[in-house]
Amino acid sequence: MDRQELHRTVIGKVLKFHSDIDEWKSFNPNPKSKLMDKPLQEGLPEFRPFQLTQDELPIFFSQTNENQLLITTDNIYSLFGGQTFTLKQSEFVDFDDEYIQSLPLDEKPKFEQYKLIGNSNQSLVYEVDSLHPARICITIILQCSHLWKKKA
């Protein structure tokens, strides 16, 4: 499966379950999450400090305060708490349940934070707008990881 096909497949799956992109709900009054439904890099905002390869296609971008998340066909990039994280889609193993559960229980949080575990015990922490953007983000990570593992 080439990257364009992977991009189409993942976007198709997201739109199947979350079809009305303009109606995403979040407790953040000013959400800055975006589904990159066109498989192009041109015209995109500059993703600092992330360096995409020429073949990588962006799928999802979110910016919360000083934190950024970029999910591409090949990698997951995060700028969180001043640290830069990168995790290859093919190396994603699971979500760290203990990290998720350790977050303060806020009735209506603006953002949600997650920690991903990769093989070789590498990890990635990210923050995303709450509710729909967070669920869509999880869907994308699981779909990309599944497709990369299926490809191998």
# chains A, B, ... in the order shown; residues from 1 in each chain; ligands from 1

call {"tool": "residues_around", "arguments": {"residues": "Val93 (chain A)", "least_positions_apart": "5", "cutoff": "12 Å", "atoms": "only C-alpha atoms", "output": "list in words"}}
result
Leu87, Lys88, Lys115, Leu116, Ile117, Gly118, Asn119, Ser120, Asn121, Gln122, Ser123, Leu124, Ile141, Leu142, Cys144, Ser145, His146, Trp148 and Lys149 of chain A

call {"tool": "select_by_dssp", "arguments": {"residues": "region 19-114 of chain A", "states": "strand (DSSP E or B)", "output": "MDAnalysis selection string"}}
result
chainID A and resid 33:35 58:64 67:72 75:80 83:88 92:95 111:114

call {"tool": "closest_residue", "arguments": {"among": "A:Thr72, A:Glu98, A:Phe85, A:Thr9", "to": "Asp55 (chain A)", "atoms": "only C-alpha atoms"}}
result
A:Thr72

call {"tool": "residues_around", "arguments": {"residues": "Glu56 (chain A)", "least_positions_apart": "4", "cutoff": "12 Å", "atoms": "only C-alpha atoms", "output": "list in words"}}
result
Asp2, Arg3, Gln4, Leu6, His7, Pro39, Leu40, Gln41, Glu42, Phe50, Gln51, Leu52, Leu70, Ile71, Thr72, Thr73, Asp74, Asn75, Ile76, Lys88 and Gln89 of chain A

call {"tool": "residues_around", "arguments": {"residues": "Ser130 (chain A)", "least_positions_apart": "3", "cutoff": "6 Å", "atoms": "only C-alpha atoms", "output": "JSON, numbers by chain"}}
result
{"A": [26, 110, 111, 112, 134]}

call {"tool": "closest_residue", "arguments": {"among": "A:Lys32, A:Glu5, A:Thr84, A:His18", "to": "Leu147 (chain A)", "atoms": "only C-alpha atoms"}}
result
A:Glu5

call {"tool": "residues_around", "arguments": {"residues": "Pro109 (chain A)", "least_positions_apart": "6", "cutoff": "12 Å", "atoms": "only C-alpha atoms", "output": "list in words"}}
result
Ser26, Phe27, Asn28, Pro29, Leu103, Glu127, Val128, Asp129, Ser130, Leu131 and Ala134 of chain A

call {"tool": "select_by_dssp", "arguments": {"residues": "chain A", "states": "helix (DSSP H, G or I)", "output": "PDB file with N, CA and C atoms, in the first residue's frame"}}
result
ATOM      1  N   ARG A   3       1.695   5.434   0.125  1.00  0.00           N
ATOM      2  CA  ARG A   3       1.293   6.445   1.110  1.00  0.00           C
ATOM      3  C   ARG A   3      -0.008   7.157   0.740  1.00  0.00           C
ATOM      4  N   GLN A   4      -0.224   7.389  -0.553  1.00  0.00           N
ATOM      5  CA  GLN A   4      -1.474   8.041  -0.977  1.00  0.00           C
ATOM      6  C   GLN A   4      -2.664   7.139  -0.664  1.00  0.00           C
ATOM      7  N   GLU A   5      -2.501   5.858  -0.908  1.00  0.00           N
ATOM      8  CA  GLU A   5      -3.587   4.915  -0.614  1.00  0.00           C
ATOM      9  C   GLU A   5      -3.801   4.799   0.898  1.00  0.00           C
ATOM     10  N   LEU A   6      -2.712   4.777   1.665  1.00  0.00           N
ATOM     11  CA  LEU A   6      -2.815   4.734   3.117  1.00  0.00           C
ATOM     12  C   LEU A   6      -3.553   5.987   3.612  1.00  0.00           C
ATOM     13  N   HIS A   7      -3.193   7.146   3.084  1.00  0.00           N
ATOM     14  CA  HIS A   7      -3.851   8.402   3.451  1.00  0.00           C
ATOM     15  C   HIS A   7      -5.347   8.331   3.154  1.00  0.00           C
ATOM     16  N   ARG A   8      -5.700   7.904   1.944  1.00  0.00           N
ATOM     17  CA  ARG A   8      -7.124   7.792   1.555  1.00  0.00           C
ATOM     18  C   ARG A   8      -7.874   6.830   2.470  1.00  0.00           C
ATOM     19  N   THR A   9      -7.253   5.701   2.769  1.00  0.00           N
ATOM     20  CA  THR A   9      -7.889   4.690   3.608  1.00  0.00           C
ATOM     21  C   THR A   9      -8.165   5.232   5.010  1.00  0.00           C
ATOM     22  N   VAL A  10      -7.168   5.876   5.607  1.00  0.00           N
ATOM     23  CA  VAL A  10      -7.320   6.403   6.970  1.00  0.00           C
ATOM     24  C   VAL A  10      -8.353   7.527   6.995  1.00  0.00           C
ATOM     25  N   ILE A  11      -8.268   8.458   6.053  1.00  0.00           N
ATOM     26  CA  ILE A  11      -9.239   9.560   5.994  1.00  0.00           C
ATOM     27  C   ILE A  11     -10.645   8.999   5.784  1.00  0.00           C
ATOM     28  N   GLY A  12     -10.777   8.008   4.919  1.00  0.00           N
ATOM     29  CA  GLY A  12     -12.087   7.378   4.681  1.00  0.00           C
ATOM     30  C   GLY A  12     -12.668   6.777   5.937  1.00  0.00           C
ATOM     31  N   LYS A  13     -11.820   6.113   6.725  1.00  0.00           N
ATOM     32  CA  LYS A  13     -12.275   5.506   7.977  1.00  0.00           C
ATOM     33  C   LYS A  13     -12.726   6.585   8.971  1.00  0.00           C
ATOM     34  N   VAL A  14     -11.949   7.672   9.072  1.00  0.00           N
ATOM     35  CA  VAL A  14     -12.306   8.768   9.981  1.00  0.00           C
ATOM     36  C   VAL A  14     -13.646   9.376   9.560  1.00  0.00           C
ATOM     37  N   LEU A  15     -13.797   9.659   8.271  1.00  0.00           N
ATOM     38  CA  LEU A  15     -15.021  10.297   7.789  1.00  0.00           C
ATOM     39  C   LEU A  15     -16.242   9.379   7.890  1.00  0.00           C
ATOM     40  N   LYS A  16     -16.005   8.078   7.886  1.00  0.00           N
ATOM     41  CA  LYS A  16     -17.106   7.120   8.057  1.00  0.00           C
ATOM     42  C   LYS A  16     -17.759   7.275   9.429  1.00  0.00           C
ATOM     43  N   PHE A  17     -16.932   7.524  10.443  1.00  0.00           N
ATOM     44  CA  PHE A  17     -17.445   7.627  11.812  1.00  0.00           C
ATOM     45  C   PHE A  17     -17.624   9.061  12.296  1.00  0.00           C
ATOM     46  N   ILE A  21     -17.034  17.188   9.669  1.00  0.00           N
ATOM     47  CA  ILE A  21     -15.828  17.794  10.222  1.00  0.00           C
ATOM     48  C   ILE A  21     -16.101  19.167  10.823  1.00  0.00           C
ATOM     49  N   ASP A  22     -16.989  19.923  10.206  1.00  0.00           N
ATOM     50  CA  ASP A  22     -17.276  21.277  10.689  1.00  0.00           C
ATOM     51  C   ASP A  22     -18.056  21.286  12.002  1.00  0.00           C
ATOM     52  N   GLU A  23     -18.567  20.155  12.404  1.00  0.00           N
ATOM     53  CA  GLU A  23     -19.373  20.074  13.624  1.00  0.00           C
ATOM     54  C   GLU A  23     -18.664  19.339  14.760  1.00  0.00           C
ATOM     55  N   GLN A  89       4.912   5.206  12.912  1.00  0.00           N
ATOM     56  CA  GLN A  89       3.617   4.507  12.949  1.00  0.00           C
ATOM     57  C   GLN A  89       3.830   2.999  13.096  1.00  0.00           C
ATOM     58  N   SER A  90       4.827   2.460  12.404  1.00  0.00           N
ATOM     59  CA  SER A  90       5.079   1.018  12.426  1.00  0.00           C
ATOM     60  C   SER A  90       5.580   0.524  13.775  1.00  0.00           C
ATOM     61  N   GLU A  91       6.025   1.438  14.651  1.00  0.00           N
ATOM     62  CA  GLU A  91       6.564   1.040  15.953  1.00  0.00           C
ATOM     63  C   GLU A  91       5.596   1.278  17.108  1.00  0.00           C
ATOM     64  N   ASP A  97      -2.121   3.353  29.659  1.00  0.00           N
ATOM     65  CA  ASP A  97      -3.339   3.554  30.443  1.00  0.00           C
ATOM     66  C   ASP A  97      -3.066   4.247  31.770  1.00  0.00           C
ATOM     67  N   GLU A  98      -1.933   3.949  32.402  1.00  0.00           N
ATOM     68  CA  GLU A  98      -1.621   4.574  33.683  1.00  0.00           C
ATOM     69  C   GLU A  98      -1.443   6.076  33.529  1.00  0.00           C
ATOM     70  N   TYR A  99      -0.836   6.496  32.438  1.00  0.00           N
ATOM     71  CA  TYR A  99      -0.641   7.932  32.213  1.00  0.00           C
ATOM     72  C   TYR A  99      -1.984   8.614  32.004  1.00  0.00           C
ATOM     73  N   ILE A 100      -2.850   8.021  31.214  1.00  0.00           N
ATOM     74  CA  ILE A 100      -4.164   8.598  30.954  1.00  0.00           C
ATOM     75  C   ILE A 100      -4.957   8.704  32.256  1.00  0.00           C
ATOM     76  N   GLN A 101      -4.945   7.656  33.057  1.00  0.00           N
ATOM     77  CA  GLN A 101      -5.711   7.647  34.295  1.00  0.00           C
ATOM     78  C   GLN A 101      -5.135   8.587  35.343  1.00  0.00           C
ATOM     79  N   ASN A 119       7.670   0.118  20.415  1.00  0.00           N
ATOM     80  CA  ASN A 119       8.570  -0.974  20.763  1.00  0.00           C
ATOM     81  C   ASN A 119       9.917  -0.366  21.135  1.00  0.00           C
ATOM     82  N   SER A 120      10.753  -1.086  21.808  1.00  0.00           N
ATOM     83  CA  SER A 120      12.015  -0.596  22.375  1.00  0.00           C
ATOM     84  C   SER A 120      11.768   0.402  23.505  1.00  0.00           C
ATOM     85  N   ASN A 121      10.596   0.355  24.116  1.00  0.00           N
ATOM     86  CA  ASN A 121      10.227   1.197  25.259  1.00  0.00           C
ATOM     87  C   ASN A 121      10.305   2.699  24.991  1.00  0.00           C
ATOM     88  N   HIS A 132     -14.247  15.239  20.255  1.00  0.00           N
ATOM     89  CA  HIS A 132     -14.105  14.702  18.900  1.00  0.00           C
ATOM     90  C   HIS A 132     -12.670  14.702  18.381  1.00  0.00           C
ATOM     91  N   PRO A 133     -11.925  15.811  18.469  1.00  0.00           N
ATOM     92  CA  PRO A 133     -10.538  15.761  17.971  1.00  0.00           C
ATOM     93  C   PRO A 133      -9.710  14.668  18.657  1.00  0.00           C
ATOM     94  N   ALA A 134      -9.888  14.476  19.952  1.00  0.00           N
ATOM     95  CA  ALA A 134      -9.131  13.444  20.665  1.00  0.00           C
ATOM     96  C   ALA A 134      -9.515  12.047  20.175  1.00  0.00           C
ATOM     97  N   ARG A 135     -10.812  11.801  19.980  1.00  0.00           N
ATOM     98  CA  ARG A 135     -11.260  10.477  19.508  1.00  0.00           C
ATOM     99  C   ARG A 135     -10.791  10.228  18.074  1.00  0.00           C
ATOM    100  N   ILE A 136     -10.833  11.264  17.243  1.00  0.00           N
ATOM    101  CA  ILE A 136     -10.386  11.140  15.857  1.00  0.00           C
ATOM    102  C   ILE A 136      -8.889  10.842  15.817  1.00  0.00           C
ATOM    103  N   CYS A 137      -8.158  11.499  16.672  1.00  0.00           N
ATOM    104  CA  CYS A 137      -6.721  11.277  16.771  1.00  0.00           C
ATOM    105  C   CYS A 137      -6.423   9.816  17.103  1.00  0.00           C
ATOM    106  N   ILE A 138      -7.122   9.266  18.054  1.00  0.00           N
ATOM    107  CA  ILE A 138      -6.944   7.862  18.432  1.00  0.00           C
ATOM    108  C   ILE A 138      -7.278   6.953  17.255  1.00  0.00           C
ATOM    109  N   THR A 139      -8.369   7.232  16.560  1.00  0.00           N
ATOM    110  CA  THR A 139      -8.755   6.445  15.385  1.00  0.00           C
ATOM    111  C   THR A 139      -7.642   6.452  14.347  1.00  0.00           C
ATOM    112  N   ILE A 140      -7.072   7.613  14.084  1.00  0.00           N
ATOM    113  CA  ILE A 140      -6.011   7.739  13.075  1.00  0.00           C
ATOM    114  C   ILE A 140      -4.777   6.951  13.488  1.00  0.00           C
ATOM    115  N   ILE A 141      -4.358   7.085  14.736  1.00  0.00           N
ATOM    116  CA  ILE A 141      -3.169   6.361  15.207  1.00  0.00           C
ATOM    117  C   ILE A 141      -3.374   4.853  15.084  1.00  0.00           C
ATOM    118  N   LEU A 142      -4.528   4.368  15.521  1.00  0.00           N
ATOM    119  CA  LEU A 142      -4.794   2.926  15.451  1.00  0.00           C
ATOM    120  C   LEU A 142      -4.873   2.434  14.010  1.00  0.00           C
ATOM    121  N   GLN A 143      -5.518   3.206  13.133  1.00  0.00           N
ATOM    122  CA  GLN A 143      -5.630   2.813  11.724  1.00  0.00           C
ATOM    123  C   GLN A 143      -4.266   2.784  11.038  1.00  0.00           C
ATOM    124  N   CYS A 144      -3.486   3.833  11.212  1.00  0.00           N
ATOM    125  CA  CYS A 144      -2.160   3.878  10.584  1.00  0.00           C
ATOM    126  C   CYS A 144      -1.288   2.739  11.077  1.00  0.00           C
ATOM    127  N   SER A 145      -1.261   2.526  12.372  1.00  0.00           N
ATOM    128  CA  SER A 145      -0.460   1.457  12.941  1.00  0.00           C
ATOM    129  C   SER A 145      -0.887   0.095  12.378  1.00  0.00           C
ATOM    130  N   HIS A 146      -2.182  -0.133  12.320  1.00  0.00           N
ATOM    131  CA  HIS A 146      -2.712  -1.389  11.776  1.00  0.00           C
ATOM    132  C   HIS A 146      -2.290  -1.576  10.322  1.00  0.00           C
ATOM    133  N   LEU A 147      -2.394  -0.534   9.513  1.00  0.00           N
ATOM    134  CA  LEU A 147      -2.041  -0.638   8.103  1.00  0.00           C
ATOM    135  C   LEU A 147      -0.545  -0.846   7.893  1.00  0.00           C
ATOM    136  N   TRP A 148       0.295  -0.214   8.713  1.00  0.00           N
ATOM    137  CA  TRP A 148       1.737  -0.430   8.605  1.00  0.00           C
ATOM    138  C   TRP A 148       2.093  -1.858   9.000  1.00  0.00           C
ATOM    139  N   LYS A 149       1.467  -2.377  10.046  1.00  0.00           N
ATOM    140  CA  LYS A 149       1.762  -3.736  10.473  1.00  0.00           C
ATOM    141  C   LYS A 149       1.253  -4.756   9.456  1.00  0.00           C
ATOM    142  N   LYS A 150       0.138  -4.453   8.826  1.00  0.00           N
ATOM    143  CA  LYS A 150      -0.421  -5.315   7.789  1.00  0.00           C
ATOM    144  C   LYS A 150       0.493  -5.326   6.568  1.00  0.00           C
ATOM    145  N   LYS A 151       1.123  -4.179   6.304  1.00  0.00           N
ATOM    146  CA  LYS A 151       2.022  -4.014   5.170  1.00  0.00           C
ATOM    147  C   LYS A 151       3.304  -4.832   5.349  1.00  0.00           C
TER     148      LYS A 151
END

call {"tool": "atom_distance", "arguments": {"atom1": "CA of Gln54 (chain A)", "atom2": "CA of Phe92 (chain A)"}}
result
21.6 Å

call {"tool": "atom_distance", "arguments": {"atom1": "CA of Phe95 (chain A)", "atom2": "CA of Gln113 (chain A)"}}
result
10.9 Å

call {"tool": "residues_around", "arguments": {"residues": "Leu35 (chain A)", "least_positions_apart": "5", "cutoff": "7 Å", "atoms": "only C-alpha atoms", "output": "ChimeraX atom specification"}}
result
/A:59-61

call {"tool": "atom_distance", "arguments": {"atom1": "CA of Asp37 (chain A)", "atom2": "CA of Thr64 (chain A)"}}
result
20.4 Å

call {"tool": "closest_residue", "arguments": {"among": "A:Trp24, A:Lys38, A:Ser19, A:Ser33", "to": "Gln68 (chain A)", "atoms": "only C-alpha atoms"}}
result
A:Ser33
